[in-house]
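For reference, the structure is listed below as structure tokens.
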Amino acid sequence: MRCSESVLDLMCIFVLFLSTGVAYARTAGYIVTWGDNSSGQCTVLSHNTEFVAIAAGSAFCLSLQEDGSIAAWGNDYCGQCDVPAPNTGFVAVAAGFAHSLGLKEDGSIVTWGYNFFSQCDVPAPNTNFVDVAGGYYHSLGLKEDGSIVVWGYNYEGQCDVPLPNTHFVNVAGGGEHSLGLQEDGSIVAWGYKSKGQCDVPVPNTDFVNMAGGLYHSLGLKEDGSIVAWGDNSEGQCDVPAPNTGFVHVAGGYYHSLGLKEDGSIVAWGDNSEGQCDVPAPNTGFVNVAGGYYHSLGLHNYLLSICDIAEDLAQEFLSISSTYPNPFSSTAGVMFQ
């Protein structure tokens, strides 16, 4: 390895990528927002640190903190920013138009906010969920057995999961449509389809991530390209070139966002409120989310141990454990 053995006193768990000889430490980060701020949705809370996940609703934002609590800000006219107590033990967040969802580490889902269509009434048994998503007036949860549960507004059939309801690994919600990613890399879409948002382009294979906008859908391919379909009235389906190197995708009202492997964000579509103008410096992002007329990115600090090894040359390294043991190409090493 190129890294010096004199890297000490870090008191963290680092993942060592032995195949490249580079070691990185990831810490929780801060949030950057841009676009419409009429409800304060782009005014991040003063404690803008230790965030690990983000979600965007119509005019509000949700973020998961490293300690398992959720922070929310922006439009709160339906209580969508009032996280129920106890605000602990969350592992994921999602947002609908005016309601919010949090997945607990025990596999249960907590919801709050606008509930006129019962989008906050999680069906029993509220157990064994591993993923959660929000649509306009509906909600989705993925069970550990690979099935999807959907509840809330169902006028367009967005809650009627097509059979067989098995082998799903991810869920996403659009305006009045729903999407499920299957373990074979295909996407299943259902609900309101007049804009073509449920017509997954062929070949419907090799998808690894997906997202829903109001009337459009997006899928990320394993080769790093993005496929978009449905309403394209604002160019939200026209992925800018070069359509390569993407690692995450998100959908807004009439705009779309993609996170690149180099940590930059690309946004396209409706830009009437500046929701596609990513603030400079456009680097260091690890997640992205789209609201109705605003966007947000999670910015993490990535420290290269090799870059700081010389500054710590006088310290002493103490290895606590290595896992797995034995290992081949990748291992985790705990040291201080």
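Residue names in the structure tokens use chain letters A, B, ... in the order shown, residue numbers from 1 in each chain, and ligand numbers from 1 in the order shown.
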
Fewer than 2 positions away in the same chain doesn't count, so skip those; otherwise give me all residues within 7 Å of range 30-35 of chain A, counting only C-alpha atoms, as an MDAnalysis selection string. chainID A and resid 37 42 48:51 273:275 278 293:300

Just the strand (DSSP E) stuff from range 63-237 of chain A, please, per backbone DSSP, written as a ChimeraX atom specification. /A:63-65,70-74,90-95,99-104,109-113,129-134,138-143,148-152,168-173,177-182,187-191,207-212,216-221,226-230

Env of range 112-129 of chain A: 7 Å cut, atoms = only C-alpha atoms, seq-sep filter 3 positions within chain, self excluded. Answer as an mmCIF file with N, CA and C atoms, in the first residue's frame.
```
data_model
loop_
_atom_site.group_PDB
_atom_site.id
_atom_site.type_symbol
_atom_site.label_atom_id
_atom_site.label_comp_id
_atom_site.auth_asym_id
_atom_site.auth_seq_id
_atom_site.Cartn_x
_atom_site.Cartn_y
_atom_site.Cartn_z
ATOM 1 N N CYS A 78 -49.237 21.601 6.970
ATOM 2 C CA CYS A 78 -49.952 20.358 7.294
ATOM 3 C C CYS A 78 -49.216 19.536 8.344
ATOM 4 N N GLY A 79 -48.238 20.125 8.985
ATOM 5 C CA GLY A 79 -47.479 19.394 9.995
ATOM 6 C C GLY A 79 -46.447 18.461 9.426
ATOM 7 N N GLN A 80 -46.100 18.631 8.153
ATOM 8 C CA GLN A 80 -45.147 17.722 7.517
ATOM 9 C C GLN A 80 -43.726 17.877 8.043
ATOM 10 N N VAL A 83 -41.882 16.201 13.238
ATOM 11 C CA VAL A 83 -41.528 14.787 13.415
ATOM 12 C C VAL A 83 -42.082 14.284 14.751
ATOM 13 N N ALA A 98 -47.153 16.765 0.761
ATOM 14 C CA ALA A 98 -47.258 17.472 2.040
ATOM 15 C C ALA A 98 -47.275 16.496 3.207
ATOM 16 N N HIS A 99 -46.675 15.338 3.013
ATOM 17 C CA HIS A 99 -46.536 14.394 4.116
ATOM 18 C C HIS A 99 -45.122 13.811 4.112
ATOM 19 N N SER A 100 -44.745 13.276 5.247
ATOM 20 C CA SER A 100 -43.381 12.796 5.443
ATOM 21 C C SER A 100 -43.384 11.379 5.983
ATOM 22 N N LEU A 101 -42.291 10.669 5.719
ATOM 23 C CA LEU A 101 -42.168 9.285 6.148
ATOM 24 C C LEU A 101 -40.759 9.021 6.671
ATOM 25 N N GLY A 107 -37.805 -1.712 11.540
ATOM 26 C CA GLY A 107 -38.580 -2.110 10.374
ATOM 27 C C GLY A 107 -39.969 -1.514 10.294
ATOM 28 N N SER A 108 -40.306 -0.598 11.180
ATOM 29 C CA SER A 108 -41.606 0.070 11.137
ATOM 30 C C SER A 108 -41.476 1.413 10.434
ATOM 31 N N ILE A 109 -42.603 1.919 9.932
ATOM 32 C CA ILE A 109 -42.638 3.210 9.252
ATOM 33 C C ILE A 109 -43.463 4.197 10.074
ATOM 34 N N TYR A 137 -49.883 11.966 -3.190
ATOM 35 C CA TYR A 137 -50.795 11.714 -2.067
ATOM 36 C C TYR A 137 -50.802 10.239 -1.670
ATOM 37 N N HIS A 138 -49.738 9.516 -1.972
ATOM 38 C CA HIS A 138 -49.665 8.118 -1.608
ATOM 39 C C HIS A 138 -48.273 7.795 -1.065
ATOM 40 N N SER A 139 -48.164 6.637 -0.439
ATOM 41 C CA SER A 139 -46.923 6.222 0.202
ATOM 42 C C SER A 139 -46.606 4.781 -0.171
ATOM 43 N N GLY A 141 -43.953 1.289 0.780
ATOM 44 C CA GLY A 141 -42.983 0.631 1.636
ATOM 45 C C GLY A 141 -42.585 -0.700 1.037
ATOM 46 N N LEU A 142 -41.285 -1.008 1.104
ATOM 47 C CA LEU A 142 -40.771 -2.283 0.607
ATOM 48 C C LEU A 142 -40.527 -3.201 1.792
ATOM 49 N N LYS A 143 -41.073 -4.404 1.722
ATOM 50 C CA LYS A 143 -40.893 -5.391 2.786
ATOM 51 C C LYS A 143 -39.616 -6.203 2.538
ATOM 52 N N GLU A 144 -39.095 -6.794 3.602
ATOM 53 C CA GLU A 144 -37.865 -7.568 3.477
ATOM 54 C C GLU A 144 -38.050 -8.833 2.644
ATOM 55 N N TRP A 151 -50.216 2.677 -0.022
ATOM 56 C CA TRP A 151 -51.460 3.133 0.587
ATOM 57 C C TRP A 151 -51.647 4.632 0.333
ATOM 58 N N GLY A 152 -52.905 5.070 0.463
ATOM 59 C CA GLY A 152 -53.237 6.468 0.234
ATOM 60 C C GLY A 152 -54.122 6.635 -0.983
ATOM 61 N N TYR A 153 -53.995 7.763 -1.658
ATOM 62 C CA TYR A 153 -54.812 8.091 -2.827
ATOM 63 C C TYR A 153 -54.583 7.068 -3.933
#
```

What is the CA of Tyr77 in chain A to CA of Gly40 in chain A distance in Å?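 Pair CA of Tyr77 in chain A / CA of Gly40 in chain A returns 12.4 Å.
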
List as a PyMOL selection string the protein and nucleic acid residues near Lys104 in chain A, meaning an atom at most 6 Å away when only C-alpha atoms are counted, but skip any in the same chain fewer than 6 places from it. chain A and resi 89-91

Selection to disk with C-alpha atoms, as an mmCIF file, in the first residue's frame:
```cif
data_model
loop_
_atom_site.group_PDB
_atom_site.id
_atom_site.type_symbol
_atom_site.label_atom_id
_atom_site.label_comp_id
_atom_site.auth_asym_id
_atom_site.auth_seq_id
_atom_site.Cartn_x
_atom_site.Cartn_y
_atom_site.Cartn_z
ATOM 1 C CA GLY A 89 -33.963 5.240 15.627
ATOM 2 C CA PHE A 90 -34.625 6.318 12.031
ATOM 3 C CA VAL A 91 -32.590 4.854 9.164
#
```

Compare A:Glu105, A:Asp199, A:Glu261, A:Asp184 by their minimum atom-to-atom distance to Asp223 in chain A, counting only C-alpha atoms, and give me the closest one.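 Nearest to Asp223 in chain A: A:Glu261.
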